[in-house]
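Novice: File follows, final-v8.pdb with PDB, C-alpha atoms and all ligand atoms:
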ATOM      1  CA  MET C1312     143.348-133.015  82.473
ATOM      2  CA  ARG C1313     146.438-131.928  80.505
ATOM      3  CA  LYS C1314     149.311-134.408  80.289
ATOM      4  CA  ILE C1315     152.535-133.593  82.171
ATOM      5  CA  SER C1316     154.444-133.808  78.845
ATOM      6  CA  ASN C1317     152.449-130.749  77.665
ATOM      7  CA  TYR C1318     154.276-128.704  80.294
ATOM      8  CA  SER C1319     157.756-130.077  79.607
ATOM      9  CA  THR C1320     158.713-127.462  76.943
ATOM     10  CA  PRO C1321     157.573-124.385  78.943
ATOM     11  CA  LEU C1322     159.164-125.829  82.097
ATOM     12  CA  PHE C1323     162.438-126.538  80.282
ATOM     13  CA  SER C1324     162.436-123.025  78.749
ATOM     14  CA  LEU C1325     161.763-121.499  82.170
ATOM     15  CA  LEU C1326     164.672-123.379  83.764
ATOM     16  CA  ILE C1327     167.006-122.368  80.942
ATOM     17  CA  MET C1328     165.938-118.720  81.141
ATOM     18  CA  ALA C1329     166.312-118.685  84.938
ATOM     19  CA  SER C1330     169.818-120.183  84.791
ATOM     20  CA  LEU C1331     170.859-117.697  82.057
ATOM     21  CA  ILE C1332     169.593-114.746  84.107
ATOM     22  CA  ILE C1333     171.357-115.972  87.277
ATOM     23  CA  GLY C1334     174.597-116.694  85.377
ATOM     24  CA  TRP C1335     174.530-113.245  83.747
ATOM     25  CA  GLN C1336     173.796-111.407  87.018
ATOM     26  CA  GLU C1337     176.509-113.282  88.921
ATOM     27  CA  ARG C1338     179.215-112.931  86.248
ATOM     28  CA  ASP C1339     181.165-110.301  88.194
ATOM     29  CA  GLU C1340     181.409-112.616  91.220
ATOM     30  CA  TYR C1341     183.709-115.004  89.279
ATOM     31  CA  TRP C1342     182.280-118.158  90.892
ATOM     32  CA  LEU C1343     183.673-120.132  87.942
ATOM     33  CA  ASN C1344     187.090-120.125  86.291
ATOM     34  CA  ALA C1345     187.342-121.576  82.758
ATOM     35  CA  GLU C1346     190.864-122.881  83.451
ATOM     36  CA  LYS C1347     190.202-125.011  86.505
ATOM     37  CA  GLY C1348     187.636-126.793  88.681
ATOM     38  CA  TRP C1349     183.944-126.637  87.778
ATOM     39  CA  GLY C1350     184.468-123.929  85.152
ATOM     40  CA  TYR C1351     186.871-126.194  83.249
ATOM     41  CA  ALA C1352     184.610-129.248  83.724
ATOM     42  CA  LEU C1353     181.588-127.350  82.339
ATOM     43  CA  GLY C1354     183.615-126.590  79.197
ATOM     44  CA  ILE C1355     184.312-130.304  78.709
ATOM     45  CA  ILE C1356     180.728-131.361  79.488
ATOM     46  CA  GLY C1357     179.146-128.638  77.288
ATOM     47  CA  GLY C1358     181.503-129.462  74.392
ATOM     48  CA  SER C1359     180.814-133.204  74.737
ATOM     49  CA  LEU C1360     177.043-132.625  74.743
ATOM     50  CA  MET C1361     177.418-130.679  71.516
ATOM     51  CA  LEU C1362     179.360-133.579  70.007
ATOM     52  CA  LEU C1363     176.615-135.966  71.145
ATOM     53  CA  LEU C1364     173.900-133.910  69.459
ATOM     54  CA  LEU C1365     175.573-134.694  66.148
ATOM     55  CA  LEU C1366     174.220-138.217  66.498
ATOM     56  CA  TYR C1367     170.965-136.878  65.048
ATOM     57  CA  PRO C1368     172.334-135.784  61.642
ATOM     58  CA  LEU C1369     174.427-138.988  61.692
ATOM     59  CA  ARG C1370     171.340-141.105  62.350
ATOM     60  CA  LYS C1371     169.494-139.223  59.614
ATOM     61  CA  HIS C1372     172.057-139.413  56.849
ATOM     62  CA  TRP C1373     173.999-142.653  57.420
ATOM     63  CA  LYS C1374     172.284-145.864  56.383
ATOM     64  CA  PHE C1375     174.007-148.114  58.897
ATOM     65  CA  THR C1376     172.497-146.152  61.821
ATOM     66  CA  ARG C1377     168.892-146.862  60.734
ATOM     67  CA  GLN C1378     168.372-149.465  63.444
ATOM     68  CA  TRP C1379     169.257-147.061  66.268
ATOM     69  CA  PHE C1380     165.956-145.991  67.887
ATOM     70  CA  ALA C1381     163.268-143.995  66.089
ATOM     71  CA  ILE C1382     164.547-140.784  64.482
ATOM     72  CA  HIS C1383     162.197-138.496  66.467
ATOM     73  CA  HIS C1384     163.934-139.482  69.735
ATOM     74  CA  TRP C1385     167.265-138.388  68.242
ATOM     75  CA  PHE C1386     165.728-135.159  67.040
ATOM     76  CA  ARG C1387     164.351-134.370  70.511
ATOM     77  CA  ILE C1388     167.737-135.167  72.100
ATOM     78  CA  HIS C1389     169.456-133.002  69.454
ATOM     79  CA  MET C1390     167.323-129.983  70.362
ATOM     80  CA  ILE C1391     167.683-130.475  74.131
ATOM     81  CA  LEU C1392     171.463-130.882  73.943
ATOM     82  CA  GLY C1393     171.609-127.974  71.462
ATOM     83  CA  ILE C1394     170.344-125.762  74.294
ATOM     84  CA  ILE C1395     171.969-127.348  77.366
ATOM     85  CA  GLY C1396     175.442-127.614  75.719
ATOM     86  CA  PRO C1397     175.658-123.882  74.828
ATOM     87  CA  VAL C1398     174.272-122.891  78.271
ATOM     88  CA  LEU C1399     177.047-124.888  79.975
ATOM     89  CA  ILE C1400     179.617-123.257  77.687
ATOM     90  CA  LEU C1401     178.248-119.828  78.658
ATOM     91  CA  PHE C1402     178.843-120.728  82.321
ATOM     92  CA  HIS C1403     182.299-122.050  81.364
ATOM     93  CA  SER C1404     183.088-118.650  79.779
ATOM     94  CA  ASN C1405     181.477-116.884  82.769
ATOM     95  CA  PHE C1406     179.333-114.918  80.280
ATOM     96  CA  GLN C1407     182.388-112.979  79.161
ATOM     97  CA  PHE C1408     184.505-112.666  76.046
ATOM     98  CA  GLY C1409     188.137-113.800  75.992
ATOM     99  CA  SER C1410     190.723-114.397  73.281
ATOM    100  CA  LEU C1411     189.891-113.915  69.576
ATOM    101  CA  ASN C1412     189.491-117.599  68.656
ATOM    102  CA  SER C1413     187.398-118.398  71.748
ATOM    103  CA  ASN C1414     185.191-115.408  70.903
ATOM    104  CA  ILE C1415     184.678-116.727  67.365
ATOM    105  CA  ALA C1416     183.793-120.174  68.761
ATOM    106  CA  LEU C1417     181.402-118.631  71.292
ATOM    107  CA  ILE C1418     179.633-116.394  68.754
ATOM    108  CA  CYS C1419     179.313-119.248  66.222
ATOM    109  CA  MET C1420     177.921-121.498  68.957
ATOM    110  CA  LEU C1421     175.316-118.890  69.944
ATOM    111  CA  LEU C1422     174.413-118.338  66.284
ATOM    112  CA  VAL C1423     174.056-122.083  65.586
ATOM    113  CA  SER C1424     171.993-122.679  68.704
ATOM    114  CA  SER C1425     169.655-119.717  68.188
ATOM    115  CA  SER C1426     169.365-120.442  64.471
ATOM    116  CA  GLY C1427     168.316-123.951  65.581
ATOM    117  CA  LEU C1428     165.252-122.375  67.198
ATOM    118  CA  VAL C1429     164.346-120.669  63.908
ATOM    119  CA  GLY C1430     164.905-123.989  62.081
ATOM    120  CA  ARG C1431     162.671-125.748  64.596
ATOM    121  CA  TYR C1432     159.840-123.310  63.833
ATOM    122  CA  ALA C1433     160.139-123.719  60.050
ATOM    123  CA  TYR C1434     160.587-127.499  60.380
ATOM    124  CA  GLN C1435     157.335-127.777  62.334
ATOM    125  CA  LYS C1436     155.443-125.941  59.593
ATOM    126  CA  ILE C1437     156.345-128.441  56.873
ATOM    127  CA  HIS C1438     155.943-131.544  59.029
ATOM    128  CA  ARG C1439     152.968-133.063  60.823
ATOM    129  CA  GLY C1440     153.956-131.558  64.150
ATOM    130  CA  LEU C1441     157.526-131.554  65.414
ATOM    131  CA  TYR C1442     157.979-135.316  65.383
ATOM    132  CA  GLY C1443     155.664-136.306  62.531
ATOM    133  CA  LYS C1444     156.374-137.079  58.881
ATOM    134  CA  GLN C1445     157.044-134.378  56.303
ATOM    135  CA  ILE C1446     153.853-133.081  54.670
ATOM    136  CA  GLU C1447     153.744-133.940  50.960
ATOM    137  CA  PHE C1448     153.041-130.926  48.776
ATOM    138  CA  SER C1449     151.410-133.279  46.249
ATOM    139  CA  GLU C1450     148.787-134.246  48.890
ATOM    140  CA  LEU C1451     147.801-130.606  49.370
ATOM    141  CA  ARG C1452     147.687-130.090  45.616
ATOM    142  CA  GLN C1453     145.484-133.170  45.240
ATOM    143  CA  SER C1454     143.071-131.941  47.936
ATOM    144  CA  PHE C1455     142.856-128.559  46.207
ATOM    145  CA  ALA C1456     142.211-130.205  42.818
ATOM    146  CA  GLU C1457     139.420-132.324  44.352
ATOM    147  CA  SER C1458     137.733-129.397  46.079
ATOM    148  CA  LYS C1459     137.991-127.359  42.845
ATOM    149  CA  GLN C1460     135.572-129.762  41.168
ATOM    150  CA  HIS C1461     132.965-128.811  43.781
ATOM    151  CA  PHE C1462     133.496-125.075  44.035
ATOM    152  CA  LEU C1463     133.658-124.233  40.326
ATOM    153  CA  GLN C1464     129.835-123.979  40.284
ATOM    154  CA  SER C1465     129.692-121.639  43.265
ATOM    155  CA  THR C1466     127.794-118.382  42.693
ATOM    156  CA  LEU C1467     130.368-116.635  44.879
ATOM    157  CA  LEU C1468     133.110-117.468  42.385
ATOM    158  CA  THR C1469     133.253-114.429  40.118
ATOM    159  CA  PRO C1470     135.384-114.577  36.913
ATOM    160  CA  GLU C1471     137.871-112.164  38.578
ATOM    161  CA  LEU C1472     138.175-114.401  41.623
ATOM    162  CA  LEU C1473     138.623-117.485  39.432
ATOM    163  CA  SER C1474     141.432-115.862  37.451
ATOM    164  CA  GLN C1475     143.057-114.668  40.707
ATOM    165  CA  LEU C1476     142.928-118.229  42.098
ATOM    166  CA  THR C1477     144.315-119.679  38.845
ATOM    167  CA  ARG C1478     147.213-117.201  38.938
ATOM    168  CA  ILE C1479     148.028-118.000  42.588
ATOM    169  CA  GLU C1480     147.808-121.736  41.895
ATOM    170  CA  SER C1481     150.254-121.487  38.989
ATOM    171  CA  HIS C1482     152.667-119.423  41.137
ATOM    172  CA  ILE C1483     152.823-121.913  44.002
ATOM    173  CA  ASN C1484     152.872-124.917  41.708
ATOM    174  CA  GLN C1485     156.219-123.802  40.300
ATOM    175  CA  ARG C1486     158.987-126.230  41.201
ATOM    176  CA  LYS C1487     160.720-123.740  43.498
ATOM    177  CA  PRO C1488     158.666-120.557  43.897
ATOM    178  CA  SER C1489     160.604-117.611  45.304
ATOM    179  CA  LEU C1490     160.022-116.722  48.953
ATOM    180  CA  PHE C1491     158.481-113.412  47.861
ATOM    181  CA  LEU C1492     156.006-115.072  45.484
ATOM    182  CA  ALA C1493     155.087-117.750  48.032
ATOM    183  CA  TYR C1494     154.539-115.173  50.785
ATOM    184  CA  LYS C1495     152.505-112.924  48.461
ATOM    185  CA  SER C1496     150.305-115.912  47.541
ATOM    186  CA  PHE C1497     149.855-116.724  51.228
ATOM    187  CA  LYS C1498     148.787-113.155  52.055
ATOM    188  CA  GLU C1499     146.482-113.018  49.026
ATOM    189  CA  THR C1500     144.719-116.291  49.882
ATOM    190  CA  SER C1501     144.365-115.183  53.517
ATOM    191  CA  SER C1502     142.634-111.968  52.490
ATOM    192  CA  ILE C1503     140.414-113.840  49.992
ATOM    193  CA  GLN C1504     139.358-116.115  52.862
ATOM    194  CA  LYS C1505     138.457-113.095  54.957
ATOM    195  CA  MET C1506     136.602-111.377  52.128
ATOM    196  CA  LEU C1507     134.627-114.565  51.370
ATOM    197  CA  ARG C1508     133.574-115.018  54.975
ATOM    198  CA  GLN C1509     132.125-111.507  55.048
ATOM    199  CA  LYS C1510     130.428-111.918  51.656
ATOM    200  CA  THR C1511     128.926-115.286  52.661
ATOM    201  CA  ARG C1512     127.509-113.786  55.859
ATOM    202  CA  LEU C1513     125.902-110.885  53.948
ATOM    203  CA  GLU C1514     124.433-113.089  51.194
ATOM    204  CA  ALA C1515     123.131-115.627  53.712
ATOM    205  CA  LYS C1516     121.290-112.864  55.588
ATOM    206  CA  LYS C1517     119.395-111.994  52.377
ATOM    207  CA  LEU C1518     118.296-115.619  51.979
ATOM    208  CA  LEU C1519     117.101-116.175  55.537
ATOM    209  CA  LYS C1520     113.452-116.529  54.474
ATOM    210  CA  ASP C1521     114.131-119.103  51.755
ATOM    211  CA  LYS C1522     115.431-122.169  53.593
ATOM    212  CA  VAL C1523     116.031-124.262  50.438
ATOM    213  CA  GLN C1524     118.081-121.572  48.696
ATOM    214  CA  LEU C1525     119.918-120.793  51.910
ATOM    215  CA  LYS C1526     120.949-124.432  52.298
ATOM    216  CA  SER C1527     122.207-124.707  48.739
ATOM    217  CA  PHE C1528     124.051-121.367  49.026
ATOM    218  CA  THR C1529     125.823-122.256  52.300
ATOM    219  CA  GLY C1530     126.830-125.620  50.789
ATOM    220  CA  GLU C1531     128.426-123.876  47.779
ATOM    221  CA  ALA C1532     130.131-121.305  50.005
ATOM    222  CA  LYS C1533     131.540-124.071  52.184
ATOM    223  CA  HIS C1534     133.126-125.800  49.173
ATOM    224  CA  LEU C1535     134.673-122.566  47.941
ATOM    225  CA  GLN C1536     136.050-121.699  51.377
ATOM    226  CA  GLU C1537     137.479-125.190  51.712
ATOM    227  CA  GLY C1538     139.193-124.909  48.317
ATOM    228  CA  ILE C1539     140.778-121.592  49.237
ATOM    229  CA  ARG C1540     141.864-123.034  52.575
ATOM    230  CA  TYR C1541     143.820-125.709  50.679
ATOM    231  CA  LEU C1542     145.357-123.084  48.404
ATOM    232  CA  ASN C1543     146.327-121.105  51.508
ATOM    233  CA  LYS C1544     147.921-124.230  52.995
ATOM    234  CA  MET C1545     149.863-124.810  49.761
ATOM    235  CA  ALA C1546     151.170-121.227  49.880
ATOM    236  CA  ASN C1547     152.042-121.558  53.568
ATOM    237  CA  TYR C1548     153.933-124.770  52.830
ATOM    238  CA  ALA C1549     155.798-123.103  49.946
ATOM    239  CA  VAL C1550     156.845-120.227  52.273
ATOM    240  CA  PHE C1551     158.242-122.489  54.978
ATOM    241  CA  ALA C1552     159.850-124.938  52.538
ATOM    242  CA  ARG C1553     161.832-121.968  51.142
ATOM    243  CA  VAL C1554     162.651-120.620  54.625
ATOM    244  CA  PHE C1555     163.826-124.062  55.721
ATOM    245  CA  SER C1556     166.082-124.599  52.715
ATOM    246  CA  MET C1557     167.562-121.086  53.155
ATOM    247  CA  TRP C1558     168.024-121.844  56.847
ATOM    248  CA  HIS C1559     170.096-124.947  55.981
ATOM    249  CA  LEU C1560     172.398-122.737  53.900
ATOM    250  CA  PHE C1561     173.059-120.591  56.976
ATOM    251  CA  HIS C1562     173.108-123.264  59.689
ATOM    252  CA  LEU C1563     175.684-125.610  58.180
ATOM    253  CA  PRO C1564     178.546-123.164  57.384
ATOM    254  CA  ILE C1565     178.209-121.537  60.838
ATOM    255  CA  PHE C1566     178.255-124.995  62.365
ATOM    256  CA  PHE C1567     181.528-125.839  60.581
ATOM    257  CA  MET C1568     183.017-122.486  61.597
ATOM    258  CA  MET C1569     182.069-123.279  65.191
ATOM    259  CA  LEU C1570     183.672-126.718  64.943
ATOM    260  CA  VAL C1571     186.958-125.380  63.567
ATOM    261  CA  SER C1572     187.170-122.455  65.991
ATOM    262  CA  ALA C1573     186.317-124.725  68.966
ATOM    263  CA  VAL C1574     189.129-127.133  68.011
ATOM    264  CA  VAL C1575     191.572-124.213  67.627
ATOM    265  CA  HIS C1576     190.398-122.854  71.004
ATOM    266  CA  ILE C1577     190.976-126.205  72.763
ATOM    267  CA  VAL C1578     194.418-126.672  71.193
ATOM    268  CA  VAL C1579     195.522-123.101  71.958
ATOM    269  CA  VAL C1580     194.453-123.101  75.634
ATOM    270  CA  HIS C1581     196.321-126.344  76.238
ATOM    271  CA  MET C1582     199.468-125.141  74.464
ATOM    272  CA  TYR C1583     199.997-121.928  76.431
TER     273      TYR C1583
HETATM  274  C1  LIG C1601     175.203-125.658  69.223
HETATM  275  C2  LIG C1601     174.094-126.306  69.030
HETATM  276  C3  LIG C1601     173.686-126.990  67.754
HETATM  277  C4  LIG C1601     174.455-127.564  66.779
HETATM  278  C5  LIG C1601     175.961-127.712  66.751
HETATM  279  C6  LIG C1601     173.549-128.062  65.758
HETATM  280  C7  LIG C1601     173.941-128.723  64.615
HETATM  281  C8  LIG C1601     173.100-129.215  63.641
HETATM  282  C9  LIG C1601     173.499-129.931  62.471
HETATM  283  C10 LIG C1601     174.918-130.284  62.095
HETATM  284  C11 LIG C1601     172.350-130.230  61.781
HETATM  285  C12 LIG C1601     172.247-131.031  60.479
HETATM  286  C13 LIG C1601     172.033-130.158  59.294
HETATM  287  C14 LIG C1601     171.691-131.009  58.078
HETATM  288  O1  LIG C1601     171.289-132.156  58.200
HETATM  289  O2  LIG C1601     171.778-130.457  56.992
HETATM  290  C15 LIG C1601     171.241-129.691  62.499
HETATM  291  C16 LIG C1601     169.924-129.766  62.105
HETATM  292  C17 LIG C1601     168.875-129.225  62.805
HETATM  293  N1  LIG C1601     168.915-128.641  64.037
HETATM  294 FE1  LIG C1601     170.572-128.259  65.086
HETATM  295  N2  LIG C1601     172.262-127.771  66.119
HETATM  296  C18 LIG C1601     172.294-127.128  67.332
HETATM  297  C19 LIG C1601     171.233-126.679  68.068
HETATM  298  C20 LIG C1601     169.921-126.788  67.690
HETATM  299  C21 LIG C1601     168.806-126.315  68.461
HETATM  300  C22 LIG C1601     168.907-125.602  69.795
HETATM  301  C23 LIG C1601     167.678-126.602  67.758
HETATM  302  C24 LIG C1601     166.240-126.347  68.081
HETATM  303  C25 LIG C1601     165.747-126.154  69.278
HETATM  304  C26 LIG C1601     168.095-127.254  66.531
HETATM  305  C27 LIG C1601     167.240-127.652  65.525
HETATM  306  C28 LIG C1601     167.652-128.242  64.370
HETATM  307  C29 LIG C1601     166.741-128.563  63.282
HETATM  308  C30 LIG C1601     165.244-128.243  63.208
HETATM  309  C31 LIG C1601     167.510-129.188  62.300
HETATM  310  C32 LIG C1601     167.036-129.709  60.927
HETATM  311  C33 LIG C1601     166.506-131.070  61.122
HETATM  312  C34 LIG C1601     166.279-131.780  59.808
HETATM  313  O3  LIG C1601     166.466-131.226  58.716
HETATM  314  O4  LIG C1601     165.917-132.952  59.929
HETATM  315  N3  LIG C1601     169.454-127.358  66.542
HETATM  316  N4  LIG C1601     171.710-129.076  63.628
END
If you convert what's in this file into structure tokens, what do you get?
Ligand code: HEM
Specialist:
Amino acid sequence: MRKISNYSTPLFSLLIMASLIIGWQERDEYWLNAEKGWGYALGIIGGSLMLLLLLYPLRKHWKFTRQWFAIHHWFRIHMILGIIGPVLILFHSNFQFGSLNSNIALICMLLVSSSGLVGRYAYQKIHRGLYGKQIEFSELRQSFAESKQHFLQSTLLTPELLSQLTRIESHINQRKPSLFLAYKSFKETSSIQKMLRQKTRLEAKKLLKDKVQLKSFTGEAKHLQEGIRYLNKMANYAVFARVFSMWHLFHLPIFFMMLVSAVVHIVVVHMY
């Protein structure tokens, strides 16, 4: 039986989508007014939730916060509040644009929140799941080096394939391979995997009558496929490590723009 927690993300997404659709469809009814009552309160609550979500980067970067719960709880809370806060602000704005500074704050908020979803995807690819430790590139490299000792004798490893693998390995072992090079290496290793599977199947068919040779051949093929799987994982890691560091470059400035424009928005609406 599947655990209830397995359904929590789809259920949460469904609730968020449903409330966004209802809010959007009802916007012309003006149930909420940003200046008073529930509309005003939702602005305060949504803004406060977005301040609270900053406890995660605080917990991550500031030494004195190390004793405050395990980091993965903060990360989960960060992501939940990063969705609920903006949704409440959308209800506060009644899904409509207003003055210039509030529009800037709103757009930055939507950009930060949706970029968070992209960051979440890339983050997951370079960690052991969403709440696990970061994968060490050196571990993958070590596994590849170990499997190389076994597959170098494989009859399936032609000189061309060996030089192709050596080239890919040197590309992804660079300190910071470009996104293009990392992605190209990922695609190349994926198609080598596919090609090898087909070749192994064909060769194995020819050896069906000779059980001893067949066993030794499938053993060799398994080692080679395993080695290329590690190389593929290294390339995949290199792709998402680049995407994640580029994502940080986008996420942070937009976040600061959102912060400044939100403060200006709050000051301005209370002045006039
Ligand atoms: C308006 C809403 C949000 C704000 C203001 C916000 C703000 C931030 C800030 C300031 C950081 C720290 C960046 C750093 O350490 O360099 C961060 C990191 C992050 N946020 Fe958000 N975020 C929001 C929504 C989201 C959402 C909705 C998600 C995903 C569902 C998300 C996922 C992430 C991830 C994956 C990281 C990087 C974590 C890490 O490097 O440890 N964020 N966010």
Novice: Around ligand LIG 1601 (chain C), at most 6 Å away and counting only C-alpha atoms and all ligand atoms, which residues are there? Put them as a list of chain:residue names, please.
Specialist: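 If we count only C-alpha atoms and all ligand atoms, the neighbours of ligand LIG 1601 (chain C) turn out to be C:Met1361, C:Pro1368, C:Met1390, C:Gly1393, C:Ile1394, C:Pro1397, C:Met1420, C:Val1423, C:Ser1424, C:Gly1427, C:Leu1428, C:Gly1430, C:Arg1431, C:Tyr1434, C:His1559, C:Leu1563, C:Phe1566.
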Novice: So which residues get picked by the PyMOL selection byres (((chain C and resi 1531-1533) around 8) and not hetatm) here, written as a list in words?
Specialist: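 Taken on the displayed file, the PyMOL selection byres (((chain C and resi 1531-1533) around 8) and not hetatm) yields the residues His1461, Phe1462, Gln1464, Ser1465, Thr1466, Leu1467, Thr1511, Ser1527, Phe1528, Thr1529, Gly1530, His1534, Leu1535, Gln1536 and Glu1537 of chain C.
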Novice: Could you spell out the hits of the PyMOL selection byres (((chain C and resi 1455) around 12) and not hetatm) on the shown file, as a ChimeraX atom specification?
Specialist: /C:1448-1454,1456-1463,1476-1477,1480,1484,1534-1546
Novice: Translate the PyMOL selection byres (((chain C and resi 1338) around 10) and not hetatm) into a concrete residue list for this structure, as a list of chain:residue names.
Specialist: C:Ile1333, C:Gly1334, C:Trp1335, C:Gln1336, C:Glu1337, C:Asp1339, C:Glu1340, C:Tyr1341, C:Trp1342, C:Leu1343, C:Phe1402, C:Ser1404, C:Asn1405, C:Phe1406, C:Gln1407
Novice: To one decimal place, how far is atom CA of C:Gly1358 from atom CA of C:His1576 in Å?
Specialist: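 Computing it gives 11.6 Å between the two atoms.
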Novice: Neighbours of stretch 1380-1382 of chain C within 12 Å (all atoms listed in the file; same-chain residues fewer than 4 positions away dropped), as a list in words?
Specialist: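 Returned residues: Leu1366, Tyr1367, Pro1368, Leu1369, Arg1370, Lys1371, His1372, Trp1373, Thr1376, Phe1386, Arg1387, Ile1388, His1389, Leu1441, Tyr1442, Gly1443 and Lys1444 of chain C.
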Novice: Could you tell me which of C:Ala1345, C:Val1429, C:Ile1437, C:Leu1507 comes closest to C:Phe1408 if we count all atoms listed in the file?
Specialist: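 Once distances to C:Phe1408 are computed over all atoms listed in the file, the minimum belongs to C:Ala1345.
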Novice: Here is a test: counting only C-alpha atoms, which residue of C:Ile1391, C:Tyr1432, C:Ala1552, C:His1482 is nearest to C:Thr1320?
Specialist: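 Counting only C-alpha atoms, the residue closest to C:Thr1320 is C:Ile1391.
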Novice: Work out how far apart atom CA of C:Arg1486 and atom CA of C:Arg1553 are and give it in Å to one decimal.
Specialist: 11.2 Å
Novice: Can you find the residues with an atom no farther than 7 Å from (179.6, -121.0, 64.0), counting only C-alpha atoms, and report them as number ranges by chain?
Specialist: C: 1416, 1418-1420, 1422-1423, 1565-1569
Novice: Edge lengths and centre in Å to one decimal, as AutoDock Vina command-line options, is what I'm after for the box along x, y and z that holds all listed atoms of stretch 1441-1453 of chain C once 4 Å is added on each side.
Specialist:
--center_x 151.7 --center_y -133.6 --center_z 55.3 --size_x 20.5 --size_y 15.0 --size_z 28.2
Novice: Do a neighbour search on C:Val1580 at 10 Å with only C-alpha atoms, toss out local chain neighbours closer than 5 positions, and write the hits as an MDAnalysis selection string.
Specialist: chainID C and resid 1346 1410 1413 1575
Novice: Find the residues around C:Ala1433 up to 6 Å (only C-alpha atoms counted), leave out those fewer than 3 positions away in its own chain, and share them as an MDAnalysis selection string.
Specialist: chainID C and resid 1430 1436 1551 1555
Novice: Export N, CA and C atoms of stretch 1323-1339 of chain C from the structure just given, as a PDB file, in the first residue's frame?
Specialist:
ATOM      1  N   PHE C1323      -1.365  18.661  -2.847  1.00  0.00           N
ATOM      2  CA  PHE C1323      -1.041  20.080  -2.623  1.00  0.00           C
ATOM      3  C   PHE C1323      -1.107  20.838  -3.959  1.00  0.00           C
ATOM      4  N   SER C1324      -0.516  20.252  -5.007  1.00  0.00           N
ATOM      5  CA  SER C1324      -0.518  20.922  -6.326  1.00  0.00           C
ATOM      6  C   SER C1324      -1.945  21.093  -6.832  1.00  0.00           C
ATOM      7  N   LEU C1325      -2.775  20.072  -6.596  1.00  0.00           N
ATOM      8  CA  LEU C1325      -4.166  20.116  -7.055  1.00  0.00           C
ATOM      9  C   LEU C1325      -4.929  21.247  -6.356  1.00  0.00           C
ATOM     10  N   LEU C1326      -4.725  21.344  -5.036  1.00  0.00           N
ATOM     11  CA  LEU C1326      -5.400  22.403  -4.265  1.00  0.00           C
ATOM     12  C   LEU C1326      -4.974  23.785  -4.732  1.00  0.00           C
ATOM     13  N   ILE C1327      -3.662  23.922  -4.977  1.00  0.00           N
ATOM     14  CA  ILE C1327      -3.134  25.221  -5.430  1.00  0.00           C
ATOM     15  C   ILE C1327      -3.712  25.563  -6.808  1.00  0.00           C
ATOM     16  N   MET C1328      -3.709  24.579  -7.708  1.00  0.00           N
ATOM     17  CA  MET C1328      -4.234  24.830  -9.054  1.00  0.00           C
ATOM     18  C   MET C1328      -5.714  25.210  -8.993  1.00  0.00           C
ATOM     19  N   ALA C1329      -6.470  24.458  -8.162  1.00  0.00           N
ATOM     20  CA  ALA C1329      -7.915  24.721  -8.060  1.00  0.00           C
ATOM     21  C   ALA C1329      -8.141  26.135  -7.534  1.00  0.00           C
ATOM     22  N   SER C1330      -7.384  26.544  -6.490  1.00  0.00           N
ATOM     23  CA  SER C1330      -7.626  27.880  -5.939  1.00  0.00           C
ATOM     24  C   SER C1330      -7.219  28.964  -6.939  1.00  0.00           C
ATOM     25  N   LEU C1331      -6.150  28.704  -7.740  1.00  0.00           N
ATOM     26  CA  LEU C1331      -5.748  29.700  -8.749  1.00  0.00           C
ATOM     27  C   LEU C1331      -6.823  29.842  -9.828  1.00  0.00           C
ATOM     28  N   ILE C1332      -7.388  28.713 -10.241  1.00  0.00           N
ATOM     29  CA  ILE C1332      -8.421  28.753 -11.294  1.00  0.00           C
ATOM     30  C   ILE C1332      -9.660  29.506 -10.778  1.00  0.00           C
ATOM     31  N   ILE C1333     -10.075  29.173  -9.533  1.00  0.00           N
ATOM     32  CA  ILE C1333     -11.262  29.845  -8.970  1.00  0.00           C
ATOM     33  C   ILE C1333     -11.000  31.348  -8.825  1.00  0.00           C
ATOM     34  N   GLY C1334      -9.827  31.686  -8.268  1.00  0.00           N
ATOM     35  CA  GLY C1334      -9.480  33.109  -8.076  1.00  0.00           C
ATOM     36  C   GLY C1334      -9.492  33.874  -9.395  1.00  0.00           C
ATOM     37  N   TRP C1335      -8.916  33.241 -10.436  1.00  0.00           N
ATOM     38  CA  TRP C1335      -8.842  33.888 -11.757  1.00  0.00           C
ATOM     39  C   TRP C1335     -10.246  34.077 -12.346  1.00  0.00           C
ATOM     40  N   GLN C1336     -11.078  33.020 -12.237  1.00  0.00           N
ATOM     41  CA  GLN C1336     -12.425  33.100 -12.831  1.00  0.00           C
ATOM     42  C   GLN C1336     -13.324  34.106 -12.109  1.00  0.00           C
ATOM     43  N   GLU C1337     -13.073  34.282 -10.805  1.00  0.00           N
ATOM     44  CA  GLU C1337     -13.944  35.157 -10.009  1.00  0.00           C
ATOM     45  C   GLU C1337     -13.427  36.594  -9.914  1.00  0.00           C
ATOM     46  N   ARG C1338     -12.309  36.890 -10.655  1.00  0.00           N
ATOM     47  CA  ARG C1338     -11.670  38.196 -10.436  1.00  0.00           C
ATOM     48  C   ARG C1338     -12.584  39.384 -10.740  1.00  0.00           C
ATOM     49  N   ASP C1339     -13.519  39.206 -11.674  1.00  0.00           N
ATOM     50  CA  ASP C1339     -14.392  40.337 -12.022  1.00  0.00           C
ATOM     51  C   ASP C1339     -15.512  40.546 -11.006  1.00  0.00           C
TER      52      ASP C1339
END
